[in-house]
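Notes to accompany the following structure.
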Amino acid sequence: MKNGHHKKPTVASLYAGIGGICLAFKQAGAEMIWANEFDKHAQETYKLNFPNHHLFKRDVAYYVDRLERMRKSRFFKMPDILTSGFPCQAFSIAGRQLGFKDLRGLHFFKTISFLEKSKYKERPKAYLFENVKNLQSHDKGRTIKRIEEEIIGLGYSCVIRTLNSMTHADIPQNRERVFIIGFENESNWNMRKSFQTPEHAPKTYAFMQNFPGKVLLRTKFRSFVKESLKNKFYYYKHSNPEMHLKLKSIVKSRDTAYQWRRVYARENKSNVCPTLTANMGTGGHNVPIVRDAIDIRKLTPLECASFQGFKDDELKFPERMADCHKYKQIGNSVTVPLVQLLAKSIVLALR
């Protein structure tokens, strides 16, 4: 501490996507030093929004295998906090749920290798990992147990919680995600659960004292949806007349979203946006449907971004980027205000 001010903890982000976790930690008072993203379209969006962050563009394993060489790079430094939104397809109920038998499921081990192979004095002081809700119950709980054991084995504490954007961050999207958070040299938190006190794990204890609780959802669904659009492309009457015929007798309310479920439309009874997914980029039928002052249409990419907590000035897309890439990137991102709450608690704990 100098002149009454704390030094900002540094953060690095693996599988950064378009930077939702990076933005959340910046808002929480941390300093981003670098990020990593493999998808070329997500890279374009990230660099547009974070031009001052160095972005490593290869697969994570490439850098893990070259950590000693990486230390000589002026762009690389081991962070105080390591974050990772490692791919979820291997664990999602929307997929085959092969877990670690799926090559995509092995990205967790690439993430953990950063903690394992970093020099003891340089290794991150804390971490935050994010994935789909089903990770916690996948393979009858054996997958999350393996993850917990790997982390504790490296000497870190391991807090695992499922949070929902609409119940913890006042964002009207029904989005449940698993967050895994912990601190170095505090595996006692898990190994000696009957002694979860400040003496045994001070940083983990401090983090849990400030852990975000449930809040009342006050933000209305309509506040994120425009009353009308000039672009006719988003209206089914113009882009898909056949679909419009199927929808017009079903999509009546302007206060909630609807989903097309192969042969029928389903109304969201909670008056919130259903979970935004990467599959939105594979076809318009996966994008939530709304009725505005003009007619029935799908949400625009920027409206979807608002349901992830991005404000108007916090996210830009490259001008010529196709909507399919935008939708996929938003579905793969995080709800920024929710991660910000966790980030604030981590930053406070480190201080």
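Here's how to read the names in the structure tokens: chain A, B, ... by the order shown, residue numbers from 1 in each chain, ligand numbers from 1 in the order shown.
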
Quick one: everything within 7 Å of stretch 324-330 of chain A, counting only C-alpha atoms, minus sequence neighbours fewer than 6 positions away in the same chain. Send it as a list of chain:residue names.
->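 What passes the distance filter is A:Gly17, A:Ile18, A:His41, A:Ala42, A:Ala278, A:Asn279, A:Met280, A:Gly281, A:Thr282, A:Pro301, A:Cys304, A:Ala305.
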
May I have the selected residues written with C-alpha atoms, as a short mmCIF file (atom, residue, chain, number, x, y, z; two decimals), in the first residue's frame?
```cif
data_model
loop_
_atom_site.label_atom_id
_atom_site.label_comp_id
_atom_site.auth_asym_id
_atom_site.auth_seq_id
_atom_site.Cartn_x
_atom_site.Cartn_y
_atom_site.Cartn_z
CA GLY A 17 -14.15 -14.80 -26.08
CA ILE A 18 -15.24 -11.20 -26.64
CA HIS A 41 -14.09 -13.90 -35.27
CA ALA A 42 -14.09 -13.50 -31.49
CA ALA A 278 -23.85 -20.19 -28.93
CA ASN A 279 -26.39 -22.11 -31.05
CA MET A 280 -28.02 -18.78 -31.87
CA GLY A 281 -25.26 -18.47 -34.46
CA THR A 282 -26.38 -21.61 -36.28
CA PRO A 301 -27.29 -9.12 -31.52
CA CYS A 304 -28.85 -10.04 -26.84
CA ALA A 305 -25.70 -8.28 -25.60
#
```

As a ChimeraX atom specification, which residues of stretch 107-227 of chain A does DSSP assign to helix (DSSP H, G or I)?
-> /A:107-117,133-136,138-153,165-168,188-191,193-195,202-209,221-224

For the residues in the current selection, export C-alpha atoms as a CSV table (one decimal), in the first residue's frame.
```csv
chain,number,residue,atom,x,y,z
A,107,HIS,CA,-9.6,-27.7,-22.1
A,108,PHE,CA,-10.0,-27.7,-18.3
A,109,PHE,CA,-6.6,-29.5,-18.0
A,110,LYS,CA,-5.0,-26.9,-20.3
A,111,THR,CA,-6.3,-24.2,-17.9
A,112,ILE,CA,-5.1,-26.0,-14.8
A,113,SER,CA,-1.7,-26.4,-16.3
A,114,PHE,CA,-1.1,-22.7,-16.0
A,115,LEU,CA,-1.4,-23.1,-12.3
A,116,GLU,CA,0.6,-26.3,-12.2
A,117,LYS,CA,3.5,-25.2,-14.4
A,133,LYS,CA,-24.6,-25.5,-14.9
A,134,ASN,CA,-24.5,-29.1,-16.0
A,135,LEU,CA,-20.8,-29.3,-15.2
A,136,GLN,CA,-21.7,-29.7,-11.5
A,138,HIS,CA,-22.2,-34.2,-15.1
A,139,ASP,CA,-21.3,-37.9,-14.9
A,140,LYS,CA,-23.2,-38.1,-11.5
A,141,GLY,CA,-20.9,-35.5,-10.0
A,142,ARG,CA,-17.7,-37.3,-10.8
A,143,THR,CA,-16.5,-34.6,-13.3
A,144,ILE,CA,-16.8,-31.8,-10.8
A,145,LYS,CA,-15.2,-34.0,-8.1
A,146,ARG,CA,-12.2,-34.6,-10.4
A,147,ILE,CA,-11.9,-30.8,-11.1
A,148,GLU,CA,-12.0,-30.1,-7.3
A,149,GLU,CA,-9.4,-32.7,-6.6
A,150,GLU,CA,-7.0,-31.3,-9.3
A,151,ILE,CA,-7.3,-27.8,-7.9
A,152,ILE,CA,-6.9,-28.8,-4.3
A,153,GLY,CA,-3.9,-30.9,-5.2
A,165,SER,CA,-28.2,-13.9,-13.8
A,166,MET,CA,-31.8,-13.1,-13.0
A,167,THR,CA,-31.6,-14.0,-9.3
A,168,HIS,CA,-28.1,-12.7,-8.5
A,188,ASN,CA,-7.2,-26.2,4.0
A,189,TRP,CA,-10.5,-24.6,3.2
A,190,ASN,CA,-11.6,-27.8,1.5
A,191,MET,CA,-9.4,-30.3,3.4
A,193,LYS,CA,-14.1,-28.1,6.3
A,194,SER,CA,-14.9,-28.0,10.0
A,195,PHE,CA,-12.2,-25.3,10.4
A,202,PRO,CA,-8.0,-15.9,5.2
A,203,LYS,CA,-8.5,-15.0,1.6
A,204,THR,CA,-11.1,-17.6,0.9
A,205,TYR,CA,-12.9,-16.7,4.1
A,206,ALA,CA,-12.9,-13.0,3.2
A,207,PHE,CA,-14.2,-13.9,-0.3
A,208,MET,CA,-17.1,-15.9,1.1
A,209,GLN,CA,-17.9,-13.1,3.5
A,221,PHE,CA,-37.6,-7.4,-19.8
A,222,ARG,CA,-38.9,-4.6,-22.0
A,223,SER,CA,-36.2,-2.2,-21.0
A,224,PHE,CA,-33.7,-4.3,-23.0
```

Would you work out the distance separating atom CA of A:Arg291 from atom CA of A:Ala257, expressed in Å to one decimal?
->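 Those two atoms sit 8.1 Å apart.
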
Return as JSON, numbers by chain the full set of residues in stretch 99-275 of chain A whose backbone-based DSSP assignment is strand (DSSP E).
-> {"A": [126, 127, 128, 129, 130, 131, 132, 159, 160, 161, 162, 163, 164, 176, 177, 178, 179, 180, 181, 182, 183, 258, 259, 260, 261, 264, 265, 266, 267]}

Taking C-alpha atoms for each residue, export the selection above as a compact mmCIF listing (two decimals), in the first residue's frame.
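So the final result, stored in selection08.txt, reads:
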```txt
# COMPACT_ATOMS: atom_id res chain seq x y z
CA ALA A 126 -6.42 -16.54 -7.24
CA TYR A 127 -8.48 -17.92 -10.10
CA LEU A 128 -12.02 -17.81 -11.48
CA PHE A 129 -13.36 -20.43 -13.90
CA GLU A 130 -16.81 -20.37 -15.53
CA ASN A 131 -18.85 -23.07 -17.28
CA VAL A 132 -22.36 -24.42 -17.82
CA VAL A 159 -15.36 -22.83 -4.04
CA ILE A 160 -18.01 -24.12 -6.48
CA ARG A 161 -21.33 -22.33 -6.85
CA THR A 162 -24.13 -22.14 -9.43
CA LEU A 163 -25.49 -18.61 -9.91
CA ASN A 164 -28.30 -17.27 -12.09
CA GLU A 176 -27.43 -20.50 -14.70
CA ARG A 177 -23.66 -20.92 -14.72
CA VAL A 178 -21.14 -22.70 -12.52
CA PHE A 179 -18.33 -20.59 -11.08
CA ILE A 180 -15.21 -22.12 -9.57
CA ILE A 181 -13.08 -19.76 -7.47
CA GLY A 182 -10.13 -20.21 -5.16
CA PHE A 183 -6.93 -18.84 -3.63
CA TYR A 258 -40.59 -16.82 -26.95
CA GLN A 259 -38.52 -19.73 -28.24
CA TRP A 260 -39.09 -21.84 -31.33
CA ARG A 261 -38.86 -25.51 -30.32
CA TYR A 264 -43.89 -24.97 -31.82
CA ALA A 265 -43.21 -21.70 -30.02
CA ARG A 266 -42.91 -21.59 -26.25
CA GLU A 267 -43.56 -18.53 -24.10
```

Can you list, as a list in words, every protein, DNA or RNA residue that comes within 10 Å of stretch 225-233 of chain A when you count only C-alpha atoms, leaving out same-chain residues fewer than 6 positions away?
->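 The contact residues come out as Ser239, Asn240, Arg254, Asp255, Thr256, Ala257, Val290, Arg291, Asp292, Ala293, Ile294, Asp295, Arg297, Lys298, Leu299, Thr300, Leu302, Glu303, Cys304, Ser306 and Phe307 of chain A.
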
Those same residues - N, CA and C atoms - I'd like them written as a compact mmCIF listing (two decimals), in the first residue's frame.
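In the end it all went to out-v2.txt:
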```
# COMPACT_ATOMS: atom_id res chain seq x y z
N SER A 239 -38.55 -11.68 -43.54
CA SER A 239 -37.44 -12.63 -43.74
C SER A 239 -37.88 -14.08 -43.84
N ASN A 240 -39.03 -14.42 -43.21
CA ASN A 240 -39.50 -15.80 -43.20
C ASN A 240 -41.02 -15.83 -43.04
N ARG A 254 -45.95 -8.63 -25.31
CA ARG A 254 -44.76 -7.83 -25.58
C ARG A 254 -43.85 -7.77 -24.35
N ASP A 255 -44.23 -8.47 -23.29
CA ASP A 255 -43.50 -8.39 -22.03
C ASP A 255 -42.64 -9.60 -21.74
N THR A 256 -42.46 -10.46 -22.71
CA THR A 256 -41.61 -11.63 -22.50
C THR A 256 -41.06 -12.10 -23.84
N ALA A 257 -40.23 -13.14 -23.79
CA ALA A 257 -39.64 -13.70 -25.01
C ALA A 257 -40.24 -15.07 -25.29
N VAL A 290 -39.50 -12.00 -30.09
CA VAL A 290 -40.24 -10.99 -29.34
C VAL A 290 -41.28 -10.34 -30.26
N ARG A 291 -42.23 -9.66 -29.65
CA ARG A 291 -43.18 -8.83 -30.39
C ARG A 291 -42.93 -7.39 -29.98
N ASP A 292 -42.73 -6.51 -30.96
CA ASP A 292 -42.55 -5.09 -30.65
C ASP A 292 -43.73 -4.29 -31.19
N ALA A 293 -43.60 -2.98 -31.29
CA ALA A 293 -44.70 -2.12 -31.72
C ALA A 293 -45.09 -2.36 -33.17
N ILE A 294 -44.20 -2.99 -33.94
CA ILE A 294 -44.48 -3.24 -35.36
C ILE A 294 -44.99 -4.65 -35.60
N ASP A 295 -44.21 -5.65 -35.16
CA ASP A 295 -44.59 -7.04 -35.45
C ASP A 295 -43.69 -8.00 -34.68
N ARG A 297 -40.52 -10.47 -34.28
CA ARG A 297 -39.14 -10.51 -34.80
C ARG A 297 -38.24 -11.25 -33.81
N LYS A 298 -37.01 -11.45 -34.21
CA LYS A 298 -36.02 -12.01 -33.29
C LYS A 298 -35.21 -10.87 -32.67
N LEU A 299 -34.63 -11.15 -31.51
CA LEU A 299 -33.77 -10.16 -30.88
C LEU A 299 -32.57 -9.87 -31.77
N THR A 300 -32.11 -8.63 -31.77
CA THR A 300 -30.90 -8.29 -32.51
C THR A 300 -29.68 -8.69 -31.68
N LEU A 302 -27.25 -6.85 -30.60
CA LEU A 302 -26.99 -5.89 -29.54
C LEU A 302 -28.02 -5.99 -28.41
N GLU A 303 -29.25 -6.36 -28.74
CA GLU A 303 -30.24 -6.61 -27.69
C GLU A 303 -29.84 -7.83 -26.87
N CYS A 304 -29.34 -8.86 -27.55
CA CYS A 304 -28.85 -10.04 -26.84
C CYS A 304 -27.69 -9.64 -25.92
N SER A 306 -27.28 -6.82 -24.46
CA SER A 306 -27.81 -6.13 -23.28
C SER A 306 -28.32 -7.13 -22.25
N PHE A 307 -28.84 -8.28 -22.71
CA PHE A 307 -29.28 -9.32 -21.78
C PHE A 307 -28.09 -10.05 -21.15
```

Tell me which protein, DNA and RNA residues are within 9 Å of stretch 340-344 of chain A, counting only C-alpha atoms, leaving out same-chain ones fewer than 5 positions away, and put them as a count of residues only.
-> 18

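One finds atom CA of A:Thr83 at 12.9 Å from atom CA of A:Arg123.
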
Using only C-alpha atoms, determine which residues lie at most 7 Å from stretch 55-59 of chain A, disregarding the query and same-chain residues fewer than 3 positions distant; provide the list as a ChimeraX atom specification.
-> /A:34-38,62

Create the file for the chosen residues now, containing C-alpha atoms and written as a PDB file, in the first residue's frame.
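Saved result, selection-v7.pdb, follows:
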```pdb
ATOM      1  CA  TRP A  34      -3.258 -10.122 -21.434  1.00  0.00           C
ATOM      2  CA  ALA A  35      -5.904 -12.443 -22.817  1.00  0.00           C
ATOM      3  CA  ASN A  36      -6.107 -15.546 -24.991  1.00  0.00           C
ATOM      4  CA  GLU A  37      -8.707 -16.466 -27.625  1.00  0.00           C
ATOM      5  CA  PHE A  38      -8.497 -18.981 -30.494  1.00  0.00           C
ATOM      6  CA  TYR A  62       0.786 -23.953 -27.141  1.00  0.00           C
TER       7      TYR A  62
END
```

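Atom CA of A:Leu82 lies 14.7 Å from atom CA of A:Ser345.
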
When distances are computed from only C-alpha atoms, which of A:Val287, A:Ile171, A:Cys22, A:Ile250 shows the smallest separation from A:Gln308?
->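 Closest to A:Gln308, using only C-alpha atoms: A:Ile171.
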
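Take the candidates A:His53, A:Gly20, A:Gln43, A:Lys77 and check each one against A:Leu315 using only C-alpha atoms; the shortest distance goes to A:Gly20.
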
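Neighbours of A:Thr10 closer than or equal to 9 Å, with only C-alpha atoms counted and sequence neighbours fewer than 5 positions away skipped, come out as Ala30, Glu31, Met32, Ile33, Met78, Pro79, Asp80, Ile81 and Leu82 of chain A.
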
I need the chosen residues saved as a compact mmCIF listing (two decimals), in the first residue's frame, with N, CA and C atoms.
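Below is the file result.txt, written as the result:
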```
# COMPACT_ATOMS: atom_id res chain seq x y z
N ALA A 30 -9.56 -4.23 -11.16
CA ALA A 30 -8.35 -4.99 -11.49
C ALA A 30 -7.75 -4.47 -12.80
N GLU A 31 -6.53 -4.90 -13.07
CA GLU A 31 -5.84 -4.48 -14.29
C GLU A 31 -5.61 -5.68 -15.21
N MET A 32 -6.18 -5.63 -16.40
CA MET A 32 -5.98 -6.70 -17.38
C MET A 32 -4.59 -6.56 -18.00
N ILE A 33 -3.84 -7.68 -18.06
CA ILE A 33 -2.50 -7.60 -18.67
C ILE A 33 -2.42 -8.37 -19.98
N MET A 78 2.95 -13.53 -15.51
CA MET A 78 2.00 -14.33 -14.75
C MET A 78 1.12 -13.39 -13.91
N PRO A 79 -0.20 -13.52 -13.99
CA PRO A 79 -1.11 -12.57 -13.32
C PRO A 79 -1.33 -12.92 -11.85
N ASP A 80 -1.89 -11.98 -11.14
CA ASP A 80 -2.36 -12.24 -9.77
C ASP A 80 -3.61 -13.12 -9.80
N ILE A 81 -4.45 -12.90 -10.82
CA ILE A 81 -5.71 -13.64 -10.95
C ILE A 81 -5.79 -14.25 -12.35
N LEU A 82 -5.99 -15.55 -12.43
CA LEU A 82 -6.16 -16.22 -13.71
C LEU A 82 -7.63 -16.55 -13.90
```
